[in-house]
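Please read the structure below before turning to the comments.
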Amino acid sequence: MTANPYAWLESALTTIHRADWYRSVQAIEGRSGAVVQMAGRSVLNFGSNDYLGLAGDDRLIQAAIVATQEYGTGSTGSRLVSGHRALHDQLERAIADLKQTEAALVFSSGYLANLGTVSALVGKRDLILSDQYNHSSLKQGAILSGATVLDYAHCDVIQLRQLLEQHRDRYRRCLLLTDSVFSMDGDLCPLPELLALAETFDAMLLVDEAHATGVLGATGAGCVEHFDCTGRAIVQVGTLSKALGSLGGYVAGSATLIDYLRNRAAGFIYTTGLSPADTAAALAAVAIVQQPDRRAQLWQNVTQLKQALQPLSQQLAATTDTAITLLPSASPILCLQVASPAIVLHLGTLLRQAGIFAPAIRPPTVPTSRLRLTLMATHEGQHLHQFTTALSQAMQVRWDE
Ligand SMILES: *Cc1c(COP(=O)(O)O)cnc(C)c1O
């Protein structure tokens, strides 16, 4: 017998290549920021989730250094055994204060926070209703929970109501799942309508604020604050790794919810506590994001680039075979949709040659190929101008070359 049980891997990779779905990693050199080094060259960075530019901020770096010197590098155990530090308490208090909830719980990543929370809140006898564009971590959490999962069309509250009317009665608990800012499109969930449906149908509502925390709301508390829903019965999940510039995830909500998750969320219990450096950096960031100045600068950049892109996208669509559409967005995530994975890869390469990093996002991550730009508070007017110039030049090139 010489059969190779791993032989299928090669052909699976070949299939991925053929579909133009192949991915690989690229190194960013030096400190993160609006301008970074890639392959020894300075490039403008439109691919970072570091919306407020805090990942390279000296205050966060100092906080991480001080915490590392005081506590060491690893937290050495799960939070319930030997991995808990006073820093974790301080961070959880600070997040609860930012979100104006009774309590919060920190996880090792946002992904794990979603897996742990969703699978702890519902089980086999329960129903999950989930937006079709939800983040992978919500979808995987739903599968892991063993609950019946029904997707509703993106932001379609009419269909969601119908599904609730048809199915809610047959299940014990019900959980509605949604991103607040959708990570691949940049639009917002209809939060007030979702809350109203949750209340009518006796359902829990979990909102993933990963791309909204630090970005939306007067104090940066997120979409919940933006829609004036602070204090309502919502399970708020988020990450410390985007606008907060660190690593880790959190859940914020009632003291009872948090106490329950601390006892029942496997993704909290059976993993090592967040490192002192990550915890301290996030704690420094939570204080900084409540000040409005960086957020105001970020939104000013969003407005400026949208204005520059809107006519450009129409004009380009008219002069080439390839339509480019600026997708509707209410966040610093701006997507330029194109017809195929090959086109978006080509466009990404041309921009790279012009010194601009704008990631090409393709299926299966999203249904349609697009350049996904993320803006930062630390982008300057001249950076935005450089981008629009490079984009219009790239669009002059014929796609079949
Ligand atoms: C990034 C992201 C996560 C995962 O957060 P990590 O801390 O990076 O694991 C979860 N949900 C959404 C919507 C995200 O965009």
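Here, A, B, ... name the chains of the structure tokens in the order displayed, residue numbers run from 1 inside each chain, and ligands are numbered from 1 in the same displayed order.
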
| request: Grab me every residue within 9 Å of ligand 1, counting only C-alpha atoms and all ligand atoms, and send it over as JSON, numbers by chain. | output: {"A": [49, 107, 108, 109, 110, 111, 112, 113, 114, 134, 135, 136, 137, 138, 178, 179, 180, 181, 182, 183, 184, 208, 209, 210, 211, 237, 238, 239, 240, 241, 242, 246, 247, 248, 249, 250]}

Write down as an mmCIF file with N, CA and C atoms, in the first residue's frame the residues of region 129-295 of chain A whose backbone DSSP state falls under strand (DSSP E or B).
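Saved to result_5.cif:
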data_model
loop_
_atom_site.group_PDB
_atom_site.id
_atom_site.type_symbol
_atom_site.label_atom_id
_atom_site.label_comp_id
_atom_site.auth_asym_id
_atom_site.auth_seq_id
_atom_site.Cartn_x
_atom_site.Cartn_y
_atom_site.Cartn_z
ATOM 1 N N LEU A 129 -31.334 33.271 14.474
ATOM 2 C CA LEU A 129 -31.609 33.959 13.219
ATOM 3 C C LEU A 129 -30.440 34.884 12.960
ATOM 4 N N SER A 130 -29.840 34.726 11.775
ATOM 5 C CA SER A 130 -28.540 35.328 11.529
ATOM 6 C C SER A 130 -28.513 36.043 10.184
ATOM 7 N N ASP A 131 -27.999 37.265 10.165
ATOM 8 C CA ASP A 131 -27.856 38.005 8.904
ATOM 9 C C ASP A 131 -26.904 37.226 7.986
ATOM 10 N N THR A 148 -30.778 25.399 15.852
ATOM 11 C CA THR A 148 -31.244 25.518 14.469
ATOM 12 C C THR A 148 -30.885 26.922 13.980
ATOM 13 N N VAL A 149 -30.217 27.009 12.838
ATOM 14 C CA VAL A 149 -29.765 28.309 12.336
ATOM 15 C C VAL A 149 -30.501 28.651 11.053
ATOM 16 N N LEU A 150 -31.167 29.788 11.024
ATOM 17 C CA LEU A 150 -31.794 30.284 9.797
ATOM 18 C C LEU A 150 -31.166 31.622 9.462
ATOM 19 N N ASP A 151 -30.684 31.762 8.212
ATOM 20 C CA ASP A 151 -30.143 33.047 7.764
ATOM 21 C C ASP A 151 -31.275 33.894 7.205
ATOM 22 N N TYR A 152 -31.249 35.179 7.479
ATOM 23 C CA TYR A 152 -32.163 36.091 6.782
ATOM 24 C C TYR A 152 -31.345 36.946 5.821
ATOM 25 N N CYS A 174 -34.397 31.985 21.722
ATOM 26 C CA CYS A 174 -34.127 32.498 20.377
ATOM 27 C C CYS A 174 -33.056 33.580 20.472
ATOM 28 N N LEU A 175 -32.117 33.551 19.537
ATOM 29 C CA LEU A 175 -31.010 34.517 19.535
ATOM 30 C C LEU A 175 -30.871 35.123 18.141
ATOM 31 N N LEU A 176 -30.940 36.459 18.085
ATOM 32 C CA LEU A 176 -30.687 37.158 16.819
ATOM 33 C C LEU A 176 -29.222 37.566 16.785
ATOM 34 N N LEU A 177 -28.569 37.305 15.652
ATOM 35 C CA LEU A 177 -27.136 37.611 15.514
ATOM 36 C C LEU A 177 -26.921 38.614 14.390
ATOM 37 N N THR A 178 -26.134 39.652 14.675
ATOM 38 C CA THR A 178 -25.794 40.591 13.603
ATOM 39 C C THR A 178 -24.473 41.295 13.869
ATOM 40 N N ASP A 179 -23.716 41.553 12.805
ATOM 41 C CA ASP A 179 -22.629 42.532 12.866
ATOM 42 C C ASP A 179 -23.300 43.893 13.033
ATOM 43 N N VAL A 181 -21.425 47.053 12.266
ATOM 44 C CA VAL A 181 -20.870 47.496 10.986
ATOM 45 C C VAL A 181 -20.476 46.215 10.265
ATOM 46 N N LEU A 188 -24.427 49.487 7.990
ATOM 47 C CA LEU A 188 -24.819 49.262 9.384
ATOM 48 C C LEU A 188 -26.052 48.379 9.479
ATOM 49 N N MET A 204 -33.206 37.039 22.358
ATOM 50 C CA MET A 204 -31.981 37.754 22.723
ATOM 51 C C MET A 204 -31.391 38.353 21.450
ATOM 52 N N LEU A 205 -30.640 39.446 21.613
ATOM 53 C CA LEU A 205 -30.001 40.090 20.459
ATOM 54 C C LEU A 205 -28.516 40.260 20.732
ATOM 55 N N LEU A 206 -27.704 39.635 19.889
ATOM 56 C CA LEU A 206 -26.249 39.788 19.997
ATOM 57 C C LEU A 206 -25.755 40.633 18.836
ATOM 58 N N VAL A 207 -25.047 41.720 19.171
ATOM 59 C CA VAL A 207 -24.538 42.650 18.170
ATOM 60 C C VAL A 207 -23.013 42.649 18.225
ATOM 61 N N ASP A 208 -22.387 42.413 17.073
ATOM 62 C CA ASP A 208 -20.927 42.374 17.005
ATOM 63 C C ASP A 208 -20.405 43.758 16.606
ATOM 64 N N VAL A 235 -26.655 41.964 23.925
ATOM 65 C CA VAL A 235 -25.356 41.337 24.181
ATOM 66 C C VAL A 235 -24.383 41.969 23.193
ATOM 67 N N GLN A 236 -23.472 42.775 23.696
ATOM 68 C CA GLN A 236 -22.532 43.464 22.810
ATOM 69 C C GLN A 236 -21.192 42.741 22.821
ATOM 70 N N VAL A 237 -20.775 42.291 21.622
ATOM 71 C CA VAL A 237 -19.472 41.642 21.486
ATOM 72 C C VAL A 237 -18.583 42.565 20.668
ATOM 73 N N GLY A 238 -17.290 42.454 20.863
ATOM 74 C CA GLY A 238 -16.390 43.275 20.054
ATOM 75 C C GLY A 238 -14.974 42.798 20.165
ATOM 76 N N THR A 239 -14.090 43.557 19.551
ATOM 77 C CA THR A 239 -12.685 43.175 19.557
ATOM 78 C C THR A 239 -11.825 44.297 20.119
ATOM 79 N N GLY A 249 -10.757 40.067 22.652
ATOM 80 C CA GLY A 249 -12.165 40.358 22.386
ATOM 81 C C GLY A 249 -12.897 40.612 23.694
ATOM 82 N N TYR A 250 -14.138 41.023 23.599
ATOM 83 C CA TYR A 250 -14.907 41.266 24.817
ATOM 84 C C TYR A 250 -16.395 41.031 24.592
ATOM 85 N N VAL A 251 -17.102 40.826 25.700
ATOM 86 C CA VAL A 251 -18.559 40.849 25.700
ATOM 87 C C VAL A 251 -18.968 41.838 26.778
ATOM 88 N N ALA A 252 -19.942 42.691 26.483
ATOM 89 C CA ALA A 252 -20.445 43.642 27.467
ATOM 90 C C ALA A 252 -21.952 43.473 27.578
ATOM 91 N N GLY A 253 -22.455 43.519 28.799
ATOM 92 C CA GLY A 253 -23.893 43.362 29.006
ATOM 93 C C GLY A 253 -24.228 43.383 30.486
ATOM 94 N N THR A 272 -5.912 30.353 27.535
ATOM 95 C CA THR A 272 -5.042 31.175 28.376
ATOM 96 C C THR A 272 -5.512 32.630 28.377
#

| task | Would you mind reading off the distance between CA of Ile269 (chain A) and CA of Ser78 (chain A), one decimal, in Å? | result |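 Interatomic distance here is 6.4 Å.
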
Within 10 Å of Asp20 (chain A), counting only C-alpha atoms, which residues qualify if same-chain residues fewer than 3 places away don't, as a CSV table (one decimal) with N, CA and C atoms, in the first residue's frame?
chain,number,residue,atom,x,y,z
A,14,THR,N,-4.9,23.3,-6.3
A,14,THR,CA,-5.0,23.5,-7.7
A,14,THR,C,-6.4,24.2,-8.0
A,15,THR,N,-7.4,23.6,-7.4
A,15,THR,CA,-8.8,24.1,-7.7
A,15,THR,C,-8.8,25.6,-7.2
A,16,ILE,N,-8.3,25.9,-6.0
A,16,ILE,CA,-8.3,27.2,-5.5
A,16,ILE,C,-7.6,28.2,-6.4
A,17,HIS,N,-6.4,27.8,-6.9
A,17,HIS,CA,-5.7,28.6,-7.9
A,17,HIS,C,-6.5,28.9,-9.1
A,23,ARG,N,-4.8,32.5,-1.8
A,23,ARG,CA,-4.3,33.6,-0.9
A,23,ARG,C,-3.0,33.3,-0.3
A,340,SER,N,-15.0,40.7,-11.4
A,340,SER,CA,-14.4,39.4,-11.2
A,340,SER,C,-13.2,39.4,-10.3
A,341,PRO,N,-12.9,38.2,-9.8
A,341,PRO,CA,-11.7,38.1,-8.9
A,341,PRO,C,-10.4,38.5,-9.7
A,342,ALA,N,-10.3,38.1,-11.0
A,342,ALA,CA,-9.1,38.5,-11.8
A,342,ALA,C,-9.0,40.0,-11.9
A,345,LEU,N,-7.8,41.5,-8.6
A,345,LEU,CA,-6.4,41.2,-8.3
A,345,LEU,C,-5.5,42.1,-9.2
A,362,ARG,N,-12.0,38.7,-2.3
A,362,ARG,CA,-12.7,37.9,-3.3
A,362,ARG,C,-13.5,36.8,-2.6
A,363,PRO,N,-14.4,36.1,-3.4
A,363,PRO,CA,-15.1,35.0,-2.9
A,363,PRO,C,-14.0,33.9,-2.4

| request: Tell me, as a ChimeraX atom specification, which residues lie within 9 Å of region 280-288 of chain A, counting only C-alpha atoms; anything in the same chain fewer than 5 positions away does not count. | output: /A:54-55,59-68,87-88,90-92,94-95,98,214,240-241,243-248,275,294

Convert the current residue selection to file output with C-alpha atoms, as a JSON list (two decimals), in the first residue's frame.
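Generated file (out.json):
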[["chain", "number", "residue", "atom", "x", "y", "z"],
["A", 54, "LEU", "CA", -3.47, 53.52, 17.86],
["A", 55, "ALA", "CA", -1.59, 50.28, 17.11],
["A", 59, "ARG", "CA", 1.08, 55.50, 24.77],
["A", 60, "LEU", "CA", -0.11, 51.97, 23.97],
["A", 61, "ILE", "CA", 3.43, 50.77, 23.37],
["A", 62, "GLN", "CA", 4.56, 52.20, 26.73],
["A", 63, "ALA", "CA", 1.60, 50.62, 28.53],
["A", 64, "ALA", "CA", 2.49, 47.24, 27.00],
["A", 65, "ILE", "CA", 6.15, 47.59, 28.00],
["A", 66, "VAL", "CA", 5.35, 48.58, 31.57],
["A", 67, "ALA", "CA", 2.86, 45.70, 31.96],
["A", 68, "THR", "CA", 5.33, 43.22, 30.50],
["A", 87, "LEU", "CA", -5.20, 44.44, 34.77],
["A", 88, "HIS", "CA", -7.98, 42.22, 33.39],
["A", 90, "GLN", "CA", -9.41, 47.14, 35.12],
["A", 91, "LEU", "CA", -9.89, 46.52, 31.41],
["A", 92, "GLU", "CA", -13.27, 44.86, 31.94],
["A", 94, "ALA", "CA", -13.21, 50.27, 31.51],
["A", 95, "ILE", "CA", -15.05, 48.45, 28.69],
["A", 98, "LEU", "CA", -17.41, 52.78, 27.77],
["A", 214, "GLY", "CA", -13.98, 53.52, 18.79],
["A", 240, "LEU", "CA", -9.69, 44.90, 21.11],
["A", 241, "SER", "CA", -7.80, 44.42, 17.85],
["A", 243, "ALA", "CA", -9.77, 50.68, 16.64],
["A", 244, "LEU", "CA", -8.38, 49.71, 20.06],
["A", 245, "GLY", "CA", -5.06, 48.75, 18.46],
["A", 246, "SER", "CA", -4.35, 45.70, 20.61],
["A", 247, "LEU", "CA", -5.46, 42.05, 20.61],
["A", 248, "GLY", "CA", -8.38, 40.30, 22.30],
["A", 275, "SER", "CA", -1.39, 38.62, 27.87],
["A", 294, "ARG", "CA", -9.20, 61.19, 16.39]]

| field | Spatial neighbours of Val338 (chain A), max dist 8 Å, only C-alpha atoms, sep filter under 4 positions, as a list of chain:residue names | value |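 So the residues in contact are A:Thr322, A:Ala323, A:Ile324, A:Thr325, A:Ile343, A:Val344, A:Thr368, A:Ser369, A:Arg370, A:Leu371.
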
| field | Pick from A:Ala12, A:Val25, A:Leu115, A:Ala104, whichever lies nearest to Ala265 (chain A) using only C-alpha atoms | value |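 Of the candidates, the smallest distance to Ala265 (chain A) is held by A:Leu115.
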
| query | A:Ile333, A:Ala233, A:Leu312, A:Leu144: which is nearest Leu375 (chain A), counting only C-alpha atoms? | reply |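 Of all the options, A:Ile333 lies closest to Leu375 (chain A).
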
Which residues of region 329-356 of chain A sit at most 12 Å from region 300-307 of chain A, using only C-alpha atoms? Give each one's shortest atom pair and distance in Å (one decimal place), in chain and ascending residue order, as a tab-separated table.
residue	atom	partner	partner_atom	distance
A:Ser329	CA	A:Lys306	CA	9.3
A:Ala330	CA	A:Val302	CA	9.1
A:Ser331	CA	A:Val302	CA	7.6
A:Pro332	CA	A:Val302	CA	5.7
A:Ile333	CA	A:Val302	CA	8.5
A:Leu334	CA	A:Lys306	CA	7.9
A:Cys335	CA	A:Lys306	CA	10.3
A:Leu336	CA	A:Lys306	CA	10.9

Go ahead and dump the residues you just picked, C-alpha atoms, as a compact mmCIF listing (two decimals), in the first residue's frame.
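Writing done, so here's selection05.txt:
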# COMPACT_ATOMS: atom_id res chain seq x y z
CA SER A 329 -21.28 52.50 3.42
CA ALA A 330 -21.84 54.26 6.72
CA SER A 331 -18.40 53.52 8.12
CA PRO A 332 -14.69 53.94 7.30
CA ILE A 333 -14.92 50.73 5.21
CA LEU A 334 -15.33 51.74 1.56
CA CYS A 335 -15.70 49.04 -1.09
CA LEU A 336 -15.16 49.38 -4.82
